[in-house]
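J.: As input, take coords08.pdb (PDB, C-alpha atoms):
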ATOM      1  CA  MET A 152       8.991 -30.653 -16.497
ATOM      2  CA  GLU A 153       9.683 -33.266 -13.833
ATOM      3  CA  LEU A 154      13.264 -33.616 -15.021
ATOM      4  CA  THR A 155      13.704 -29.837 -14.962
ATOM      5  CA  VAL A 156      12.421 -29.753 -11.384
ATOM      6  CA  LEU A 157      14.988 -32.436 -10.548
ATOM      7  CA  GLY A 158      17.706 -30.109 -11.864
ATOM      8  CA  TRP A 159      18.400 -31.656 -15.244
ATOM      9  CA  SER A 160      19.693 -29.365 -17.974
ATOM     10  CA  GLN A 161      17.882 -29.050 -21.289
ATOM     11  CA  HIS A 162      20.718 -30.940 -22.992
ATOM     12  CA  GLN A 163      20.402 -33.840 -20.532
ATOM     13  CA  ILE A 164      16.630 -33.959 -21.002
ATOM     14  CA  ALA A 165      17.041 -33.882 -24.792
ATOM     15  CA  ALA A 166      19.468 -36.808 -24.658
ATOM     16  CA  GLU A 167      17.112 -38.756 -22.372
ATOM     17  CA  LEU A 168      14.045 -38.182 -24.586
ATOM     18  CA  GLY A 169      15.888 -38.503 -27.888
ATOM     19  CA  VAL A 170      14.934 -35.027 -29.124
ATOM     20  CA  SER A 171      16.844 -31.811 -29.752
ATOM     21  CA  GLN A 172      17.607 -29.246 -27.068
ATOM     22  CA  ALA A 173      15.525 -26.697 -29.021
ATOM     23  CA  ALA A 174      12.518 -29.039 -28.863
ATOM     24  CA  VAL A 175      12.974 -29.389 -25.091
ATOM     25  CA  SER A 176      13.188 -25.614 -24.786
ATOM     26  CA  LYS A 177       9.901 -25.157 -26.694
ATOM     27  CA  MET A 178       8.155 -27.867 -24.654
ATOM     28  CA  LEU A 179       9.298 -26.302 -21.375
ATOM     29  CA  ALA A 180       8.203 -22.836 -22.520
ATOM     30  CA  ARG A 181       4.713 -24.164 -23.370
ATOM     31  CA  LEU A 182       4.484 -26.018 -20.062
ATOM     32  CA  GLU A 183       5.673 -22.996 -18.069
ATOM     33  CA  THR A 184       3.145 -20.772 -19.853
ATOM     34  CA  ARG A 185       0.344 -23.211 -19.050
ATOM     35  CA  VAL A 186       1.435 -23.548 -15.413
ATOM     36  CA  LEU A 187       1.710 -19.778 -15.087
ATOM     37  CA  ARG A 188      -1.795 -19.313 -16.529
ATOM     38  CA  GLU A 189      -3.199 -21.953 -14.164
ATOM     39  CA  LEU A 190      -1.474 -20.345 -11.177
ATOM     40  CA  ALA A 191      -2.795 -16.912 -12.167
ATOM     41  CA  GLU A 192      -6.322 -18.343 -12.383
ATOM     42  CA  THR A 193      -5.884 -20.019  -9.000
ATOM     43  CA  VAL A 194      -4.646 -16.779  -7.455
ATOM     44  CA  GLY A 195      -7.554 -14.899  -9.018
ATOM     45  CA  ARG A 196     -10.056 -17.397  -7.604
ATOM     46  CA  GLN A 197      -8.416 -17.176  -4.180
ATOM     47  CA  LYS A 198      -8.554 -13.372  -4.272
ATOM     48  CA  ALA A 199     -12.234 -13.507  -5.242
ATOM     49  CA  ARG A 200     -13.017 -16.045  -2.489
ATOM     50  CA  HIS A 201     -11.212 -13.981   0.147
ATOM     51  CA  THR A 202     -12.878 -10.821  -1.111
ATOM     52  CA  LEU A 203     -16.310 -12.388  -0.636
ATOM     53  CA  ARG A 204     -15.374 -13.493   2.872
ATOM     54  CA  LEU A 205     -14.060 -10.047   3.772
ATOM     55  CA  GLU A 206     -17.190  -8.399   2.391
ATOM     56  CA  ARG A 207     -19.278 -10.679   4.597
ATOM     57  CA  LEU A 208     -17.151  -9.820   7.635
ATOM     58  CA  PHE A 209     -17.542  -6.133   6.835
ATOM     59  CA  ALA A 210     -21.329  -6.468   6.463
ATOM     60  CA  GLU A 211     -21.603  -8.437   9.722
ATOM     61  CA  ALA A 212     -19.511  -5.887  11.612
ATOM     62  CA  MET A 213     -21.538  -2.959  10.265
ATOM     63  CA  GLY A 214     -24.804  -4.762  11.075
ATOM     64  CA  ALA A 215     -23.592  -5.388  14.620
ATOM     65  CA  TRP A 216     -22.557  -1.714  14.855
ATOM     66  CA  GLU A 217     -26.041  -0.578  13.860
ATOM     67  CA  GLN A 218     -27.624  -2.978  16.367
ATOM     68  CA  SER A 219     -25.317  -1.743  19.109
ATOM     69  CA  LYS A 220     -26.642   1.808  18.537
ATOM     70  CA  ALA A 221     -30.302   0.799  18.916
ATOM     71  CA  ASP A 222     -32.179   1.962  21.994
ATOM     72  CA  THR A 223     -32.600  -0.683  24.665
ATOM     73  CA  THR A 224     -35.835  -1.173  26.501
ATOM     74  CA  ARG A 225     -36.011  -2.866  29.845
ATOM     75  CA  ARG A 226     -38.715  -3.380  32.402
ATOM     76  CA  ARG A 227     -38.269  -2.884  36.038
ATOM     77  CA  GLN A 228     -40.551  -3.050  39.000
ATOM     78  CA  ARG A 229     -40.311  -1.001  42.099
ATOM     79  CA  LYS A 230     -42.302  -0.807  45.249
ATOM     80  CA  THR A 231     -43.787   2.443  46.330
ATOM     81  CA  GLN A 232     -44.368   3.484  49.883
ATOM     82  CA  GLY A 233     -47.955   3.723  50.890
ATOM     83  CA  GLY A 234     -49.097   6.938  52.475
ATOM     84  CA  ALA A 235     -49.942   7.119  56.253
ATOM     85  CA  GLY A 236     -49.308   3.525  57.160
ATOM     86  CA  GLY A 237     -50.899   2.080  54.029
ATOM     87  CA  ALA A 238     -49.431  -0.797  52.124
ATOM     88  CA  GLY A 239     -47.102   0.052  49.260
ATOM     89  CA  ALA A 240     -47.895  -0.757  45.682
ATOM     90  CA  THR A 241     -45.711  -2.344  43.009
ATOM     91  CA  VAL A 242     -45.196  -0.171  39.975
ATOM     92  CA  ALA A 243     -43.956  -1.540  36.639
ATOM     93  CA  GLU A 244     -41.756   0.821  34.632
ATOM     94  CA  ILE A 245     -40.418   0.603  31.140
ATOM     95  CA  VAL A 246     -37.039   2.290  30.781
ATOM     96  CA  VAL A 247     -35.629   3.203  27.349
ATOM     97  CA  GLU A 248     -31.884   3.820  27.257
ATOM     98  CA  ASN A 249     -30.038   5.434  24.369
ATOM     99  CA  GLN A 250     -26.992   3.526  23.168
ATOM    100  CA  HIS A 251     -23.973   5.072  21.487
ATOM    101  CA  GLY A 252     -22.764   1.946  19.738
ATOM    102  CA  ASP A 253     -19.818  -0.327  20.385
ATOM    103  CA  PRO A 254     -16.732   0.996  18.526
ATOM    104  CA  ARG A 255     -15.178  -2.484  18.484
ATOM    105  CA  TYR A 256     -17.525  -3.351  15.608
ATOM    106  CA  LEU A 257     -16.260  -0.382  13.607
ATOM    107  CA  ASP A 258     -12.689  -1.483  14.269
ATOM    108  CA  GLU A 259     -13.466  -4.942  12.879
ATOM    109  CA  ALA A 260     -15.096  -3.364   9.815
ATOM    110  CA  ARG A 261     -12.014  -1.188   9.291
ATOM    111  CA  LYS A 262      -9.740  -4.239   9.525
ATOM    112  CA  ALA A 263     -11.819  -6.063   6.911
ATOM    113  CA  LEU A 264     -11.526  -3.063   4.585
ATOM    114  CA  ALA A 265      -7.759  -2.875   5.154
ATOM    115  CA  ASP A 266      -7.367  -6.574   4.312
ATOM    116  CA  HIS A 267      -9.493  -6.057   1.192
ATOM    117  CA  ARG A 268      -7.206  -3.218   0.063
ATOM    118  CA  LYS A 269      -4.138  -5.404   0.648
ATOM    119  CA  ILE A 270      -5.518  -8.284  -1.411
ATOM    120  CA  TRP A 271      -6.204  -6.026  -4.390
ATOM    121  CA  GLY A 272      -3.118  -3.804  -3.976
ATOM    122  CA  LEU A 273      -5.164  -0.653  -3.415
ATOM    123  CA  ASP A 274      -2.970   0.878  -0.728
ATOM    124  CA  ALA A 275      -1.544   4.128  -2.052
ATOM    125  CA  PRO A 276       2.234   4.452  -2.134
ATOM    126  CA  GLN A 277       3.933   6.834   0.248
ATOM    127  CA  LYS A 278       4.122  10.418  -0.961
ATOM    128  CA  VAL A 279       7.628  11.635  -1.641
ATOM    129  CA  ASP A 280       8.421  15.309  -1.186
ATOM    130  CA  VAL A 281      10.769  16.129  -4.034
ATOM    131  CA  ARG A 282      11.422  19.546  -2.569
ATOM    132  CA  ALA A 283      13.097  17.916   0.428
ATOM    133  CA  ALA A 284      16.139  16.923  -1.662
ATOM    134  CA  ARG A 285      18.804  19.566  -1.304
ATOM    135  CA  ASN A 286      21.013  20.727  -4.115
ATOM    136  CA  PRO A 287      24.653  20.085  -3.097
ATOM    137  CA  TYR A 288      25.747  23.320  -4.833
ATOM    138  CA  ASP A 289      23.311  25.652  -3.064
ATOM    139  CA  GLY A 290      25.687  26.965  -0.404
ATOM    140  CA  MET A 291      28.742  27.326  -2.630
ATOM    141  CA  THR A 292      30.312  30.630  -3.551
ATOM    142  CA  ASP A 293      31.210  31.437  -7.164
ATOM    143  CA  ASP A 294      34.857  30.542  -6.496
ATOM    144  CA  ASP A 295      33.852  27.220  -4.947
ATOM    145  CA  LEU A 296      31.591  26.496  -7.944
ATOM    146  CA  ARG A 297      34.456  27.235 -10.358
ATOM    147  CA  ALA A 298      36.758  24.935  -8.395
ATOM    148  CA  GLU A 299      34.136  22.157  -8.425
ATOM    149  CA  VAL A 300      33.589  22.527 -12.173
ATOM    150  CA  ALA A 301      37.352  22.367 -12.743
ATOM    151  CA  ARG A 302      37.602  19.249 -10.556
ATOM    152  CA  GLN A 303      34.801  17.522 -12.482
ATOM    153  CA  ALA A 304      36.371  18.561 -15.798
ATOM    154  CA  ARG A 305      39.658  16.935 -14.705
ATOM    155  CA  LEU A 306      37.733  13.766 -13.797
ATOM    156  CA  LEU A 307      36.107  13.672 -17.229
ATOM    157  CA  GLY A 308      39.442  14.167 -18.941
ATOM    158  CA  PRO A 309      39.994  14.918 -22.626
ATOM    159  CA  SER A 310      37.002  12.942 -23.882
ATOM    160  CA  GLY A 311      35.694  15.741 -26.052
ATOM    161  CA  VAL A 312      33.587  17.197 -23.251
ATOM    162  CA  GLU A 313      33.604  20.975 -23.074
ATOM    163  CA  THR A 314      35.917  21.982 -20.247
ATOM    164  CA  ASP A 315      35.660  25.740 -20.461
ATOM    165  CA  ASP A 316      35.425  26.651 -16.775
ATOM    166  CA  ALA A 317      33.614  29.922 -17.432
ATOM    167  CA  ALA A 318      30.928  28.295 -19.600
ATOM    168  CA  GLN A 319      30.385  25.478 -17.116
ATOM    169  CA  THR A 320      30.305  27.818 -14.161
ATOM    170  CA  ALA A 321      27.769  30.021 -15.921
ATOM    171  CA  SER A 322      25.540  27.073 -16.821
ATOM    172  CA  LEU A 323      25.891  25.667 -13.306
ATOM    173  CA  ALA A 324      25.056  29.041 -11.764
ATOM    174  CA  ASP A 325      22.062  29.412 -14.114
ATOM    175  CA  SER A 326      20.752  25.980 -13.200
ATOM    176  CA  HIS A 327      20.800  26.928  -9.519
ATOM    177  CA  ALA A 328      19.279  30.366  -9.846
ATOM    178  CA  PRO A 329      15.900  30.565  -8.100
ATOM    179  CA  THR A 330      12.874  30.136 -10.323
ATOM    180  CA  PRO A 331      10.317  32.973 -10.399
ATOM    181  CA  SER A 332       8.028  31.013  -8.084
ATOM    182  CA  GLU A 333      10.903  30.380  -5.629
ATOM    183  CA  ALA A 334      11.895  34.030  -5.748
ATOM    184  CA  SER A 335       8.354  35.182  -5.014
ATOM    185  CA  HIS A 336       8.127  32.541  -2.261
ATOM    186  CA  ASP A 337      11.329  33.904  -0.683
ATOM    187  CA  ASP A 338       9.979  37.474  -0.956
ATOM    188  CA  HIS A 339       6.880  36.521   1.019
ATOM    189  CA  GLN A 340       8.909  35.051   3.838
TER     190      GLN A 340
END
What does the file become when written as structure tokens?
T.:
Amino acid sequence: MELTVLGWSQHQIAAELGVSQAAVSKMLARLETRVLRELAETVGRQKARHTLRLERLFAEAMGAWEQSKADTTRRRQRKTQGGAGGAGATVAEIVVENQHGDPRYLDEARKALADHRKIWGLDAPQKVDVRAARNPYDGMTDDDLRAEVARQARLLGPSGVETDDAAQTASLADSHAPTPSEASHDDHQ
């Protein structure tokens, strides 16, 4: 394997070791399989380790979010004015304030979930609208379609392909006729 990494060919390695090239090929295949298996296990362990870390980050962020929504209690003292020249008194108050939570914790939780999806390849692929692709023959008249079929027939040449313009035009026109669902869709518009 070391000689392969250095750029030696299988024939050179075989000559160096005094074995056949086929034997070198089999040895390298076994070594590559073992290395690949070890790398896959290492990657799997890394994914598991990172997953555990991300789950902890998510749990911490959600715990902090819940704590940030808890009501806060604070004490305050205020002096009251005494009536008719009397001395004022000190009154202790307990004030409870409702909290709405700090959205920064939710953002951190969302980031942890996004990283988790990336590690495991769970992000959905982009949707492709197949209806967006236009048919290049849609706007053509019958004469234009016939001319296009004749042009393509000339390109194909005498290779045994049917070149009857009328048959091709008819099949081309049939393939571009609106389907019943398209026709009913056009009627509703």
J.: Contacts of Leu154 (chain A) at 10 Å or less, counting all atoms listed in the file, minus same-chain residues fewer than 6 places along, as a list in words?
T.: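 So the residues in contact are Ser160, Gln161, Gln163, Ile164 and Glu167 of chain A.
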J.: Would you output that residue set with C-alpha atoms, as a CSV table (one decimal), in the frame of the given file?
T.:
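As a result, result.csv now contains:
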chain,number,residue,atom,x,y,z
A,160,SER,CA,19.7,-29.4,-18.0
A,161,GLN,CA,17.9,-29.0,-21.3
A,163,GLN,CA,20.4,-33.8,-20.5
A,164,ILE,CA,16.6,-34.0,-21.0
A,167,GLU,CA,17.1,-38.8,-22.4
J.: Report as a ChimeraX atom specification the residues that result from applying the PyMOL selection byres ((chain A and resi 218-229) around 7) to the structure here.
T.: /A:214-217,230-231,241-253
J.: If we count only C-alpha atoms and set the cut-off at 12 Å, which residues sit around His162 (chain A), ignoring sequence neighbours fewer than 4 positions away in its own chain? Please answer as a ChimeraX atom specification.
T.: /A:154-155,158,166-176
J.: For the provided coordinates, the residues matched by the PyMOL selection byres ((chain A and resi 208) around 12) should be stated as a PyMOL selection string.
T.: chain A and resi 201-207+209-215+256-267
J.: Can you measure CA of Ala199 (chain A) to CA of Arg268 (chain A) for me? One decimal in Å is fine.
T.: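 CA of Ala199 (chain A) sits 12.6 Å away from CA of Arg268 (chain A).
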J.: Quick one: distance from CA of Glu153 (chain A) to CA of Ala165 (chain A) in Å, one decimal?
T.: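 Here the two named atoms are 13.2 Å from each other.
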J.: One number please: CA of Trp159 (chain A) to CA of Met178 (chain A), in Å, one decimal.
T.: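 Result for CA of Trp159 (chain A) versus CA of Met178 (chain A): 14.4 Å, one decimal.
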